[in-house]
Structures are given as C-alpha cells and as structure tokens.
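A.B. asks: Okay, so here is data_32.txt, and as you'll see once you scroll down, it has compact mmCIF, C-alpha atoms and all ligand atoms.
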# COMPACT_ATOMS: atom_id res chain seq x y z
CA MET H 1 7.17 14.29 -84.70
CA PRO H 2 7.15 11.12 -86.77
CA LEU H 3 4.38 10.64 -89.31
CA ILE H 4 3.14 7.07 -89.49
CA LEU H 5 1.00 5.61 -92.26
CA GLY H 6 -1.23 2.84 -90.86
CA ILE H 7 -2.84 0.11 -92.97
CA GLU H 8 -5.58 -2.23 -91.70
CA SER H 9 -7.26 -5.12 -93.53
CA SER H 10 -7.71 -7.88 -90.94
CA CYS H 11 -11.45 -8.40 -91.40
CA ASP H 12 -14.00 -6.50 -93.50
CA GLU H 13 -12.75 -2.92 -93.43
CA THR H 14 -9.98 -1.69 -95.72
CA ALA H 15 -8.48 1.27 -93.90
CA ALA H 16 -5.51 3.62 -94.04
CA ALA H 17 -4.59 6.60 -91.87
CA VAL H 18 -1.81 9.06 -91.25
CA VAL H 19 -1.05 9.81 -87.60
CA LYS H 20 1.46 12.29 -86.18
CA ASP H 21 3.39 11.48 -83.04
CA GLY H 22 1.14 8.53 -82.21
CA ARG H 23 -1.81 10.64 -81.13
CA GLU H 24 -2.78 13.23 -83.75
CA VAL H 25 -4.89 11.90 -86.61
CA LEU H 26 -4.23 13.71 -89.90
CA SER H 27 -6.45 11.38 -91.94
CA ASN H 28 -8.48 8.26 -91.31
CA VAL H 29 -10.02 6.55 -94.36
CA ILE H 30 -12.23 3.46 -94.07
CA SER H 31 -13.81 1.49 -96.90
CA THR H 32 -16.29 -0.92 -95.36
CA GLN H 33 -17.57 -4.15 -96.90
CA VAL H 34 -20.37 -4.58 -94.40
CA GLU H 35 -23.22 -4.30 -96.93
CA ILE H 36 -21.65 -7.06 -99.06
CA HIS H 37 -21.31 -9.52 -96.15
CA LYS H 38 -24.73 -8.66 -94.73
CA LYS H 39 -26.51 -10.91 -97.20
CA TYR H 40 -24.47 -13.90 -96.02
CA GLY H 41 -25.06 -13.16 -92.32
CA GLY H 42 -21.31 -12.84 -91.61
CA VAL H 43 -17.93 -12.16 -93.19
CA VAL H 44 -17.08 -14.45 -96.13
CA PRO H 45 -13.26 -14.62 -96.07
CA GLU H 46 -12.70 -15.07 -99.84
CA ILE H 47 -14.96 -12.13 -100.67
CA ALA H 48 -13.25 -10.03 -97.99
CA SER H 49 -9.78 -10.65 -99.52
CA ARG H 50 -10.99 -9.78 -103.02
CA LYS H 51 -12.66 -6.57 -101.86
CA HIS H 52 -9.55 -5.52 -99.91
CA LEU H 53 -7.51 -6.05 -103.07
CA GLU H 54 -9.84 -3.82 -105.06
CA ALA H 55 -9.86 -1.04 -102.44
CA VAL H 56 -6.42 -1.00 -100.81
CA ASN H 57 -4.42 1.24 -103.19
CA ALA H 58 -7.14 3.88 -103.47
CA VAL H 59 -7.69 3.91 -99.70
CA ILE H 60 -3.95 4.41 -99.03
CA SER H 61 -3.67 7.21 -101.62
CA GLU H 62 -6.72 8.93 -100.18
CA ALA H 63 -5.30 8.76 -96.64
CA VAL H 64 -2.05 10.42 -97.74
CA GLU H 65 -3.91 13.02 -99.79
CA ARG H 66 -6.39 13.88 -97.02
CA ALA H 67 -3.52 14.29 -94.56
CA SER H 68 -2.08 16.94 -96.94
CA VAL H 69 1.30 15.20 -96.95
CA THR H 70 3.27 13.25 -99.55
CA PHE H 71 4.59 9.69 -99.35
CA ASP H 72 8.06 11.22 -98.87
CA ASP H 73 6.91 12.88 -95.62
CA ILE H 74 5.93 9.53 -94.10
CA ASP H 75 8.50 8.17 -91.60
CA ALA H 76 7.27 4.58 -91.33
CA ILE H 77 4.59 2.28 -92.70
CA SER H 78 2.73 0.26 -90.10
CA VAL H 79 0.40 -2.59 -90.94
CA THR H 80 -1.80 -5.10 -89.15
CA PHE H 81 -0.06 -8.45 -89.63
CA ALA H 82 -1.97 -10.45 -86.97
CA PRO H 83 -4.46 -11.72 -85.93
CA GLY H 84 -7.31 -11.89 -88.44
CA LEU H 85 -8.45 -13.57 -91.63
CA VAL H 86 -5.25 -14.66 -93.30
CA GLY H 87 -6.25 -13.77 -96.87
CA ALA H 88 -7.52 -10.38 -95.73
CA LEU H 89 -4.38 -9.65 -93.68
CA LEU H 90 -2.16 -10.60 -96.62
CA VAL H 91 -3.59 -7.80 -98.75
CA GLY H 92 -2.61 -5.10 -96.24
CA VAL H 93 0.75 -6.73 -95.51
CA SER H 94 1.61 -7.00 -99.21
CA ALA H 95 0.59 -3.40 -99.89
CA ALA H 96 2.66 -2.19 -96.91
CA LYS H 97 5.69 -4.24 -97.98
CA ALA H 98 5.49 -2.90 -101.53
CA LEU H 99 5.30 0.69 -100.28
CA ALA H 100 8.09 0.25 -97.73
CA PHE H 101 10.32 -1.31 -100.39
CA ALA H 102 9.58 1.29 -103.08
CA LEU H 103 9.85 4.27 -100.71
CA LYS H 104 12.75 2.82 -98.67
CA LYS H 105 10.83 3.38 -95.44
CA PRO H 106 10.74 1.20 -92.30
CA LEU H 107 7.99 -1.42 -92.15
CA VAL H 108 6.37 -1.75 -88.71
CA PRO H 109 4.27 -4.84 -87.89
CA VAL H 110 1.24 -4.14 -85.67
CA HIS H 111 -0.87 -6.59 -83.67
CA HIS H 112 -4.53 -5.76 -84.30
CA ILE H 113 -5.55 -5.94 -80.64
CA ARG H 114 -2.66 -3.72 -79.57
CA GLY H 115 -4.05 -1.32 -82.17
CA HIS H 116 -7.52 -1.39 -80.61
CA ILE H 117 -5.99 -0.53 -77.23
CA CYS H 118 -3.93 2.31 -78.73
CA ALA H 119 -7.13 3.87 -80.14
CA ASN H 120 -7.48 5.26 -76.62
CA PHE H 121 -4.29 7.34 -76.96
CA ILE H 122 -5.75 9.23 -79.90
CA GLU H 123 -8.56 10.89 -78.02
CA HIS H 124 -7.23 10.85 -74.48
CA LYS H 125 -4.01 12.85 -74.64
CA ASP H 126 -3.47 12.42 -70.89
CA LEU H 127 -3.73 8.61 -70.93
CA GLU H 128 -0.48 6.84 -70.17
CA PRO H 129 0.25 3.25 -69.09
CA PRO H 130 -0.20 1.47 -66.80
CA PHE H 131 -3.94 0.95 -67.15
CA ILE H 132 -6.39 -1.91 -67.46
CA CYS H 133 -8.16 -2.34 -70.79
CA LEU H 134 -11.16 -4.46 -71.67
CA VAL H 135 -10.76 -5.39 -75.33
CA ALA H 136 -13.99 -6.81 -76.70
CA SER H 137 -14.28 -7.25 -80.44
CA GLY H 138 -15.72 -9.70 -82.94
CA GLY H 139 -12.76 -12.04 -82.63
CA HIS H 140 -11.31 -11.32 -79.16
CA SER H 141 -12.31 -10.64 -75.60
CA HIS H 142 -9.46 -9.94 -73.23
CA ILE H 143 -8.79 -8.06 -70.03
CA VAL H 144 -5.33 -6.66 -70.53
CA LYS H 145 -2.90 -4.93 -68.22
CA VAL H 146 -1.27 -2.31 -70.42
CA CYS H 147 2.11 -2.16 -68.68
CA ASP H 148 3.68 0.10 -71.30
CA TYR H 149 2.93 1.21 -74.86
CA THR H 150 4.36 -2.02 -76.26
CA GLU H 151 4.07 -4.27 -73.21
CA PHE H 152 0.88 -6.11 -72.43
CA GLU H 153 -0.17 -8.77 -69.96
CA VAL H 154 -3.38 -10.71 -70.50
CA LEU H 155 -5.20 -11.08 -67.16
CA GLY H 156 -8.37 -12.73 -68.46
CA ARG H 157 -9.82 -13.98 -71.71
CA THR H 158 -12.92 -15.64 -73.08
CA ARG H 159 -12.97 -19.42 -72.83
CA ASP H 160 -15.29 -19.69 -75.86
CA ASP H 161 -16.98 -16.98 -77.94
CA ALA H 162 -15.66 -13.44 -78.16
CA ALA H 163 -18.20 -10.90 -76.88
CA GLY H 164 -18.87 -9.50 -80.36
CA GLU H 165 -19.23 -13.02 -81.74
CA ALA H 166 -21.86 -13.74 -79.06
CA PHE H 167 -23.72 -10.54 -79.99
CA ASP H 168 -23.62 -11.51 -83.69
CA LYS H 169 -24.79 -15.10 -83.05
CA VAL H 170 -27.61 -14.04 -80.73
CA ALA H 171 -28.73 -11.41 -83.24
CA ARG H 172 -28.97 -14.15 -85.83
CA ILE H 173 -31.07 -16.31 -83.45
CA LEU H 174 -33.37 -13.30 -82.95
CA GLY H 175 -33.61 -12.69 -86.71
CA LEU H 176 -31.65 -9.42 -86.62
CA PRO H 177 -29.21 -8.57 -89.47
CA TYR H 178 -25.39 -8.73 -89.42
CA PRO H 179 -23.46 -7.22 -87.71
CA GLY H 180 -25.61 -8.08 -84.73
CA GLY H 181 -23.93 -5.98 -82.02
CA PRO H 182 -25.25 -2.59 -83.09
CA GLU H 183 -28.65 -4.15 -83.91
CA ILE H 184 -29.02 -5.64 -80.43
CA ASP H 185 -27.84 -2.37 -78.91
CA LYS H 186 -30.57 -0.44 -80.78
CA CYS H 187 -33.28 -3.04 -80.29
CA ALA H 188 -32.62 -3.41 -76.53
CA VAL H 189 -33.04 0.28 -75.76
CA ASP H 190 -36.58 -0.04 -74.42
CA GLY H 191 -36.52 -3.80 -73.78
CA ARG H 192 -37.01 -5.34 -70.33
CA GLU H 193 -33.62 -6.37 -68.99
CA ASP H 194 -35.01 -8.79 -66.42
CA PHE H 195 -37.38 -10.52 -68.83
CA VAL H 196 -35.18 -13.66 -69.06
CA LYS H 197 -32.55 -14.62 -66.49
CA PHE H 198 -29.46 -16.16 -68.07
CA LYS H 199 -26.92 -18.19 -66.16
CA LYS H 200 -23.62 -16.35 -65.79
CA VAL H 201 -20.44 -18.37 -65.40
CA SER H 202 -17.63 -17.40 -63.06
CA PHE H 203 -14.32 -19.26 -62.86
CA GLY H 204 -13.71 -18.39 -59.23
CA GLU H 205 -11.95 -15.70 -57.27
CA GLY H 206 -8.77 -14.38 -58.85
CA ASN H 207 -9.70 -15.75 -62.26
CA TYR H 208 -10.68 -13.08 -64.79
CA ASP H 209 -11.70 -15.37 -67.67
CA PHE H 210 -15.23 -15.29 -68.98
CA SER H 211 -17.57 -17.42 -71.06
CA PHE H 212 -20.53 -16.44 -73.21
CA SER H 213 -21.59 -19.78 -74.64
CA GLY H 214 -23.96 -20.48 -71.71
CA ILE H 215 -25.74 -17.14 -72.17
CA LYS H 216 -25.90 -17.69 -75.94
CA THR H 217 -27.35 -21.20 -75.49
CA GLY H 218 -29.77 -19.74 -72.94
CA VAL H 219 -31.12 -17.39 -75.63
CA LEU H 220 -31.40 -20.24 -78.14
CA ASN H 221 -33.26 -22.44 -75.64
CA TYR H 222 -35.57 -19.62 -74.61
CA VAL H 223 -36.50 -18.82 -78.23
CA ASN H 224 -36.95 -22.49 -79.25
CA ASN H 225 -39.06 -23.31 -76.19
CA ALA H 226 -41.27 -20.25 -76.66
CA ARG H 227 -41.79 -21.10 -80.33
CA GLN H 228 -42.58 -24.74 -79.57
CA ARG H 229 -45.16 -23.72 -76.98
CA GLY H 230 -46.61 -21.15 -79.33
CA GLU H 231 -45.79 -18.36 -76.85
CA SER H 232 -45.03 -14.94 -78.24
CA PHE H 233 -42.29 -12.69 -76.92
CA GLU H 234 -40.84 -9.33 -77.80
CA ILE H 235 -37.40 -9.57 -79.39
CA LYS H 236 -36.37 -6.38 -77.61
CA ASP H 237 -36.94 -8.02 -74.19
CA VAL H 238 -34.71 -11.03 -75.00
CA ALA H 239 -32.10 -8.71 -76.58
CA ALA H 240 -32.07 -6.48 -73.49
CA SER H 241 -31.79 -9.46 -71.10
CA PHE H 242 -28.93 -10.97 -73.12
CA GLN H 243 -27.11 -7.65 -73.37
CA LYS H 244 -27.41 -7.03 -69.64
CA SER H 245 -25.93 -10.46 -68.83
CA VAL H 246 -22.95 -9.98 -71.17
CA VAL H 247 -22.30 -6.46 -69.88
CA GLU H 248 -22.41 -7.63 -66.26
CA VAL H 249 -19.98 -10.48 -66.86
CA LEU H 250 -17.54 -8.16 -68.65
CA CYS H 251 -17.79 -5.45 -66.00
CA ASP H 252 -17.53 -7.84 -63.04
CA ARG H 253 -14.26 -9.29 -64.32
CA LEU H 254 -12.90 -5.93 -65.50
CA PHE H 255 -13.30 -4.17 -62.16
CA GLU H 256 -12.13 -7.23 -60.18
CA ALA H 257 -8.95 -7.31 -62.31
CA ALA H 258 -8.36 -3.57 -61.91
CA ASP H 259 -8.80 -3.82 -58.14
CA LYS H 260 -6.45 -6.80 -57.93
CA CYS H 261 -3.76 -4.82 -59.76
CA ASN H 262 -4.60 -1.72 -57.73
CA ILE H 263 -4.91 0.28 -60.95
CA LYS H 264 -7.50 3.04 -61.11
CA LYS H 265 -7.31 3.73 -64.84
CA ILE H 266 -9.68 1.68 -66.99
CA ALA H 267 -10.12 1.84 -70.77
CA LEU H 268 -12.37 0.05 -73.23
CA ALA H 269 -11.46 -1.02 -76.76
CA GLY H 270 -12.83 -3.01 -79.71
CA GLY H 271 -16.16 -3.01 -81.50
CA VAL H 272 -18.18 -4.05 -78.43
CA ALA H 273 -16.81 -0.97 -76.61
CA ALA H 274 -19.30 0.93 -78.81
CA ASN H 275 -22.16 -0.76 -76.92
CA SER H 276 -24.21 1.91 -75.18
CA ARG H 277 -25.22 -0.37 -72.28
CA LEU H 278 -21.59 -1.41 -71.63
CA ARG H 279 -20.42 2.21 -71.71
CA LYS H 280 -23.16 3.21 -69.29
CA GLU H 281 -22.37 0.36 -66.88
CA VAL H 282 -18.62 1.11 -66.90
CA GLU H 283 -19.28 4.80 -66.24
CA MET H 284 -21.71 3.87 -63.45
CA ARG H 285 -19.34 1.47 -61.71
CA GLY H 286 -16.38 3.73 -62.46
CA LYS H 287 -16.80 6.27 -59.67
CA GLY H 288 -13.39 6.59 -58.08
CA TYR H 289 -11.65 5.34 -61.25
CA HIS H 290 -10.56 7.23 -64.38
CA ILE H 291 -12.61 5.78 -67.23
CA TYR H 292 -11.41 6.14 -70.83
CA LEU H 293 -13.85 5.38 -73.64
CA PRO H 294 -12.92 5.74 -77.31
CA SER H 295 -15.57 7.47 -79.43
CA LEU H 296 -17.65 5.04 -81.49
CA GLY H 297 -15.60 5.35 -84.71
CA PHE H 298 -12.42 4.44 -82.85
CA CYS H 299 -13.98 1.36 -81.21
CA THR H 300 -14.54 -0.51 -84.48
CA ASP H 301 -11.77 -1.33 -86.96
CA ASN H 302 -9.82 1.64 -88.31
CA ALA H 303 -6.24 2.37 -89.35
CA ALA H 304 -5.59 5.36 -87.09
CA MET H 305 -5.29 2.91 -84.19
CA ILE H 306 -2.80 0.86 -86.24
CA ALA H 307 -0.73 3.98 -86.95
CA SER H 308 -0.85 4.90 -83.25
CA SER H 309 0.37 1.47 -82.16
CA GLY H 310 2.83 1.56 -85.09
CA TYR H 311 4.33 4.76 -83.73
CA TYR H 312 5.09 3.17 -80.35
CA GLU H 313 6.39 -0.05 -81.94
CA PHE H 314 8.56 2.07 -84.29
CA LYS H 315 10.00 4.02 -81.35
CA LYS H 316 10.78 0.71 -79.68
CA GLY H 317 12.68 -0.39 -82.83
CA ASN H 318 10.21 -3.06 -83.89
CA ILE H 319 10.95 -3.04 -87.64
CA ALA H 320 10.10 -5.94 -89.93
CA GLY H 321 11.92 -7.20 -92.98
CA MET H 322 10.46 -8.12 -96.34
CA SER H 323 9.77 -11.62 -95.01
CA LEU H 324 6.91 -10.27 -92.83
CA ASN H 325 3.95 -12.62 -93.14
CA ALA H 326 0.32 -12.53 -92.08
CA ILE H 327 -0.44 -14.55 -88.94
CA PRO H 328 -4.10 -15.51 -88.33
CA TYR H 329 -3.68 -16.37 -84.61
CA LEU H 330 -1.22 -14.60 -82.34
CA GLU H 331 -1.53 -13.63 -78.68
CA ILE H 332 -1.07 -9.97 -77.82
CA ASP H 333 1.68 -10.75 -75.30
CA ASN H 334 3.56 -13.22 -77.50
CA ILE H 335 5.36 -10.97 -80.00
O1 LIG A 1 -13.35 -4.51 -83.35
P1 LIG A 1 -14.28 -4.84 -84.45
O2 LIG A 1 -14.72 -3.72 -85.38
O3 LIG A 1 -13.71 -5.96 -85.37
C1 LIG A 1 -12.95 -7.02 -84.88
O4 LIG A 1 -11.73 -6.83 -84.67
O5 LIG A 1 -13.59 -8.06 -84.65
O6 LIG A 1 -15.54 -5.51 -83.75
C2 LIG A 1 -16.65 -5.96 -84.47
C3 LIG A 1 -17.62 -6.54 -83.47
C4 LIG A 1 -18.82 -7.22 -84.13
O7 LIG A 1 -19.00 -8.47 -83.53
C5 LIG A 1 -19.96 -6.27 -83.81
O8 LIG A 1 -21.22 -6.92 -83.71
C6 LIG A 1 -19.52 -5.68 -82.49
O9 LIG A 1 -18.14 -5.51 -82.62
N1 LIG A 1 -20.17 -4.39 -82.21
C7 LIG A 1 -21.00 -4.20 -81.18
C8 LIG A 1 -21.47 -2.87 -81.29
N2 LIG A 1 -20.88 -2.29 -82.37
C9 LIG A 1 -20.07 -3.25 -82.92
N3 LIG A 1 -21.41 -5.02 -80.21
C10 LIG A 1 -22.30 -4.55 -79.30
N4 LIG A 1 -22.80 -3.30 -79.36
C11 LIG A 1 -22.43 -2.42 -80.31
N5 LIG A 1 -22.92 -1.18 -80.35
ZN ZN A 2 -10.90 -5.21 -84.59
For the structure just supplied, provide its representation as structure tokens.
Ligand code: KG4
Ligand code: ZN

C.D. replies:
Amino acid sequence: MPLILGIESSCDETAAAVVKDGREVLSNVISTQVEIHKKYGGVVPEIASRKHLEAVNAVISEAVERASVTFDDIDAISVTFAPGLVGALLVGVSAAKALAFALKKPLVPVHHIRGHICANFIEHKDLEPPFICLVASGGHSHIVKVCDYTEFEVLGRTRDDAAGEAFDKVARILGLPYPGGPEIDKCAVDGREDFVKFKKVSFGEGNYDFSFSGIKTGVLNYVNNARQRGESFEIKDVAASFQKSVVEVLCDRLFEAADKCNIKKIALAGGVAANSRLRKEVEMRGKGYHIYLPSLGFCTDNAAMIASSGYYEFKKGNIAGMSLNAIPYLEIDNI
C-alpha cells in the first residue's frame, strides 16, 4: 500500500497531499492565491512564483502532519513538472527534488492533465480504464481516451481557447470578477439560455476538436453592439446563453468520441468540470453510459490528484533523476 506525497504548483494553488494506494486521500492541503490575482483580473506569473515559494514548505509539512504519517513513511514524492507556468512549476519541482534527495526517496514526475484525470480514481473506486475523459481546465481542453492508468490518447482538443479560458475572458467582458467560470455559473442560474444565439463551430464528422473563439467573439460583439445602440440587457441572460453554447459543444464532441470508440464510461476532469450546467447536461445525455464526475474540490487544482497519478506512474517505474526540469508545454500523450 504505497504512500505517495503529491506536490502541485503549476498555476495559482500551492498544494500537497498524501494518498495511499492511489485512491485513498489521507490529507489534501491547498493554499490558494486567488484573492491576490483577483485584483489583476488573472494570474500574474511572477507573483504566483513568489507566493508558491512562501507557501510550499508549510503546505508540504501540513500535508504530512494531517495524514498522521512521517516523512519516513512516504514511499515516493510525486510532483507536477508540466505543463503550467514555468516559474510556478519550478517551485514545486525544486521542493520535490530537495525532499527526494534528502530523504533518499524516488522522485515521480506527473503531468498536470494526467493528474486531473486521475482525480476520478479517488472518489470512484470502481472506475478503471478504458474510459473517455473530457478534460476542461483554464489551460487545456481535451477529449482523452484513457487507455490505461499511464496511457492516454488525445481524440480531440481545442483549436484556440481552453474552455476555462473562454469562461474567464467572457466573464471579464461581462464585468464579472476573476476567476470567471464560477461567476458565470452562478450568474447564469436564472438567465435565459436562448437569449442570444452564438455560432457553434464543428470540424466535421469524425473530428472531435472544438473552438470557443467564435462564441467568445459573439459575446463581445453582442455586448458592444448593445452598448452602442444604448440597449440594455441582463448579464445573466448573456452568461446563460454563452454557457449553454460552450456546454453543448463540449458534450456533442464528448459523446461522439465515446460512441466512435464504443466506450460507455465517461468521466469529466479539470476546473470546468465543476460547472453545474455541464454536469447536468452530461448526466442528462448520459443515460445508457456510466458517468463519473469528480466532486467540486477535485475538479480544480489539488495535489491529491497528483499523488494519485504519481502512484500509477511510480508503479510503472517512471522515476526521475535530479535533472528533472519544469516544462511549460507538454502534450499528455508525449511523455
Ligand atoms: O483545472 P483548474 O483549477 O486549473 C487549471 O489547470 O487551469 O481550472 C481553472 C479553470 C478556470 O478557468 C475557472 O474559471 C474554471 O476552471 N472553472 C469553472 C468553474 N469552476 C472553475 N468554469 C466554469 N464553471 C465553473 N463552475
Ligand atoms: Zn489544473
């Protein structure tokens, strides 16, 4: 029953967790910087690195303490090394390297998006590959065939903005604070979904890529035109219409890809998987499929998912040396 310490610092959360056997969370500590970045309307990379540096040691110690174990009990140290903000990643990677060296423990490199997918193993003890996973976060939007715990095939990806990025940009257009995803989710609850019709792009049969820039520009044009004409509108109606379009595009491609692969197990992952409208739509279309949704805290960035993925990478023998570096861009299926 290996105990894995996971460390995550790819964006604006400094996190550490201890996970047993890949699926049982003994501790899960997150120090978020969201309030700091809010005033800039997005993550400022230099500030993120500095804040990670200030928090990382205390967060790791707290994770070990809360798990009621000692550093000696830990079997391996897993860390997000890619993709993400390079300065932010470097803080977690350096902390993990120092610990692995001092404690003489194996160092396991984890791909952040693989981590998001593995968040599903924590709460769904019965979930085993193969399954299809929609990963939609602030930096990535992929439809992935999870062939095995450490084997992934990307079936479709965004051609422009990630879904979360589109939510954040549209929130900014509508004057909502950062991060925009949860704000749009809340604001859209009693908005009219058919208030504005946005053009949805499809790349043809058998292609599972998607694009959100047209929908995002549609919102910008709608808002600018209304303002120029002096017409008033309710933000909640535009938010609800935008959200519906994004959710439909994601779900169309997700279910088409699952059907093409003849796989009946579908999971969601990443921050946008916390979206209430997306979860509802997937459940609604998911009759006849097994649908796996992580709870909200396991959709957004955390280190338990990194320890879970780390466990499977460790079992596979994926151990890094002290030359491990942070990589800002790296495909999930290119490791
Ligand atoms: O996975 P995540 O925590 O970080 C990255 O790896 O990027 O995802 C953050 C993204 C942000 O863009 C945020 O606006 C979005 O997830 N998000 C949501 C919701 N909660 C977070 N988007 C839509 N609806 C939500 N409820
Ligand atoms: Zn993430």

A.B. asks: For ligand LIG 1 (chain A), list the contacting residues at 7 Å or closer, counting all atoms listed in the file, as a list in words.

C.D. replies: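 Answer in the requested format: Cys11, Ser137, Gly138, Gly139, His140, Gly164, Glu165, Phe167, Asp168, Pro179, Gly180, Gly181, Pro182, Ile184, Asp185, Gly270, Gly271, Val272, Ala273, Ala274, Asn275, Ser276, Cys299, Thr300 and Asp301 of chain H.
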
A.B. asks: To one decimal place in Å, what is the distance between atom CA of H:Asp161 and atom CA of H:Lys51?

C.D. replies: 26.4 Å

A.B. asks: Which residue, H:Val59, H:Ala95, H:Met305, H:Val64, has the smallest gap to ligand ZN 2 (chain A) when you use only C-alpha atoms and all ligand atoms?

C.D. replies: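 Among H:Val59, H:Ala95, H:Met305, H:Val64, it is H:Met305 that comes nearest to ligand ZN 2 (chain A).
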
A.B. asks: Taking all atoms listed in the file into account, name the residue in H:Glu128, H:Val86, H:Ile77, H:Ser295 that is nearest to H:Leu103.

C.D. replies: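 Of all the options, H:Ile77 lies closest to H:Leu103.
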
A.B. asks: Which one of H:Ser27, H:Thr70, H:Thr217, H:Asn302 sits closest to ligand ZN 2 (chain A) if you count all atoms listed in the file?

C.D. replies: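 Closest residue, counting all atoms listed in the file: H:Asn302.
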
A.B. asks: Which residues, written as a ChimeraX atom specification, have at least one atom at most 10 Å from H:Arg253, with all atoms listed in the file counted and residues fewer than 3 positions away on the same chain left out?

C.D. replies: /H:134,143,155-157,202,205-210,248-250,256-259

A.B. asks: List the spatial neighbours of stretch 146-150 of chain H as JSON, numbers by chain - criterion: any atom at most 10 Å away, only C-alpha atoms, same-chain residues fewer than 6 positions off excluded.

C.D. replies: {"H": [114, 117, 118, 121, 128, 129, 130, 131, 132, 133, 266, 267, 308, 309, 310, 311, 312, 313, 314, 315, 316, 318, 332, 333, 335]}

A.B. asks: Compare H:Phe152, H:Phe298, H:Phe242, H:Phe233 by their minimum atom-to-atom distance to H:Lys199, counting all atoms listed in the file, and give me the closest one.

C.D. replies: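 Nearest candidate to H:Lys199 out of H:Phe152, H:Phe298, H:Phe242, H:Phe233: H:Phe242.
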
A.B. asks: I want to know what sits within 12 Å of H:Gly218, based on all atoms listed in the file, with residues of the same chain fewer than 6 positions away left out; could you give that as a PyMOL selection string?

C.D. replies: chain H and resi 166+170+173+196-200+212+224-225+238-239+241-242+245

A.B. asks: Point out the residue among H:Gly115, H:Lys39, H:Leu3, H:Leu330 with the least atom-to-atom distance to H:Pro177, counting all atoms listed in the file.

C.D. replies: H:Lys39

A.B. asks: For ligand ZN 2 (chain A), which of H:Ala15, H:Val223, H:Ala76, H:Ala102 is the closest residue, counting only C-alpha atoms and all ligand atoms?

C.D. replies: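 Nearest candidate to ligand ZN 2 (chain A) out of H:Ala15, H:Val223, H:Ala76, H:Ala102: H:Ala15.
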
A.B. asks: Box for stretch 319-335 of chain H - axis-aligned, 4 Å on each of the six sides, all listed atoms - centre and size in Å to one decimal, as lines of an AutoDock Vina configuration file.

C.D. replies:
center_x = 3.9
center_y = -9.7
center_z = -85.8
size_x = 24.0
size_y = 21.3
size_z = 29.0

A.B. asks: In Å, how far is it from atom CA of H:Phe101 to atom CA of H:Asp72?

C.D. replies: 12.8 Å

A.B. asks: Start from the incomplete input, build all heavy atoms for stretch 152-158 of chain H, and deliver everything as a PDB file, keeping the file's coordinate frame.

C.D. replies:
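Full text of selection39.pdb as output:
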ATOM      1  N   PHE H 152       2.247  -5.774 -72.818  1.00  0.00           N
ATOM      2  CA  PHE H 152       0.880  -6.110 -72.430  1.00  0.00           C
ATOM      3  C   PHE H 152       0.867  -7.437 -71.691  1.00  0.00           C
ATOM      4  O   PHE H 152       1.603  -8.349 -72.031  1.00  0.00           O
ATOM      5  CB  PHE H 152       0.001  -6.241 -73.691  1.00  0.00           C
ATOM      6  CG  PHE H 152       0.010  -5.010 -74.557  1.00  0.00           C
ATOM      7  CD1 PHE H 152       1.030  -4.785 -75.475  1.00  0.00           C
ATOM      8  CD2 PHE H 152      -0.990  -4.055 -74.436  1.00  0.00           C
ATOM      9  CE1 PHE H 152       1.061  -3.643 -76.257  1.00  0.00           C
ATOM     10  CE2 PHE H 152      -0.979  -2.907 -75.217  1.00  0.00           C
ATOM     11  CZ  PHE H 152       0.058  -2.703 -76.127  1.00  0.00           C
ATOM     12  N   GLU H 153      -0.017  -7.509 -70.697  1.00  0.00           N
ATOM     13  CA  GLU H 153      -0.170  -8.770 -69.960  1.00  0.00           C
ATOM     14  C   GLU H 153      -1.661  -9.127 -69.960  1.00  0.00           C
ATOM     15  O   GLU H 153      -2.490  -8.315 -69.521  1.00  0.00           O
ATOM     16  CB  GLU H 153       0.331  -8.570 -68.525  1.00  0.00           C
ATOM     17  CG  GLU H 153       0.302  -9.821 -67.698  1.00  0.00           C
ATOM     18  CD  GLU H 153       0.618  -9.540 -66.226  1.00  0.00           C
ATOM     19  OE1 GLU H 153       1.208  -8.484 -65.918  1.00  0.00           O
ATOM     20  OE2 GLU H 153       0.234 -10.370 -65.388  1.00  0.00           O
ATOM     21  N   VAL H 154      -1.979 -10.309 -70.475  1.00  0.00           N
ATOM     22  CA  VAL H 154      -3.380 -10.710 -70.500  1.00  0.00           C
ATOM     23  C   VAL H 154      -3.765 -11.264 -69.132  1.00  0.00           C
ATOM     24  O   VAL H 154      -3.162 -12.223 -68.646  1.00  0.00           O
ATOM     25  CB  VAL H 154      -3.641 -11.772 -71.607  1.00  0.00           C
ATOM     26  CG1 VAL H 154      -5.092 -12.239 -71.574  1.00  0.00           C
ATOM     27  CG2 VAL H 154      -3.303 -11.204 -72.979  1.00  0.00           C
ATOM     28  N   LEU H 155      -4.775 -10.645 -68.498  1.00  0.00           N
ATOM     29  CA  LEU H 155      -5.200 -11.080 -67.160  1.00  0.00           C
ATOM     30  C   LEU H 155      -6.375 -12.045 -67.253  1.00  0.00           C
ATOM     31  O   LEU H 155      -6.563 -12.899 -66.393  1.00  0.00           O
ATOM     32  CB  LEU H 155      -5.617  -9.866 -66.325  1.00  0.00           C
ATOM     33  CG  LEU H 155      -4.571  -8.760 -66.151  1.00  0.00           C
ATOM     34  CD1 LEU H 155      -5.177  -7.578 -65.414  1.00  0.00           C
ATOM     35  CD2 LEU H 155      -3.359  -9.286 -65.382  1.00  0.00           C
ATOM     36  N   GLY H 156      -7.202 -11.862 -68.294  1.00  0.00           N
ATOM     37  CA  GLY H 156      -8.370 -12.730 -68.460  1.00  0.00           C
ATOM     38  C   GLY H 156      -8.771 -12.769 -69.916  1.00  0.00           C
ATOM     39  O   GLY H 156      -8.476 -11.843 -70.668  1.00  0.00           O
ATOM     40  N   ARG H 157      -9.416 -13.853 -70.302  1.00  0.00           N
ATOM     41  CA  ARG H 157      -9.820 -13.980 -71.710  1.00  0.00           C
ATOM     42  C   ARG H 157     -11.072 -14.846 -71.780  1.00  0.00           C
ATOM     43  O   ARG H 157     -11.419 -15.550 -70.829  1.00  0.00           O
ATOM     44  CB  ARG H 157      -8.700 -14.615 -72.521  1.00  0.00           C
ATOM     45  CG  ARG H 157      -8.165 -15.907 -71.907  1.00  0.00           C
ATOM     46  CD  ARG H 157      -7.353 -16.733 -72.877  1.00  0.00           C
ATOM     47  NE  ARG H 157      -6.284 -16.010 -73.532  1.00  0.00           N
ATOM     48  CZ  ARG H 157      -5.075 -15.765 -73.034  1.00  0.00           C
ATOM     49  NH1 ARG H 157      -4.785 -16.172 -71.786  1.00  0.00           N
ATOM     50  NH2 ARG H 157      -4.168 -15.126 -73.726  1.00  0.00           N
ATOM     51  N   THR H 158     -11.743 -14.807 -72.919  1.00  0.00           N
ATOM     52  CA  THR H 158     -12.920 -15.640 -73.080  1.00  0.00           C
ATOM     53  C   THR H 158     -12.472 -17.100 -73.249  1.00  0.00           C
ATOM     54  O   THR H 158     -11.438 -17.372 -73.847  1.00  0.00           O
ATOM     55  CB  THR H 158     -13.789 -15.197 -74.270  1.00  0.00           C
ATOM     56  OG1 THR H 158     -14.903 -16.078 -74.350  1.00  0.00           O
ATOM     57  CG2 THR H 158     -13.028 -15.215 -75.578  1.00  0.00           C
TER      58      THR H 158
END
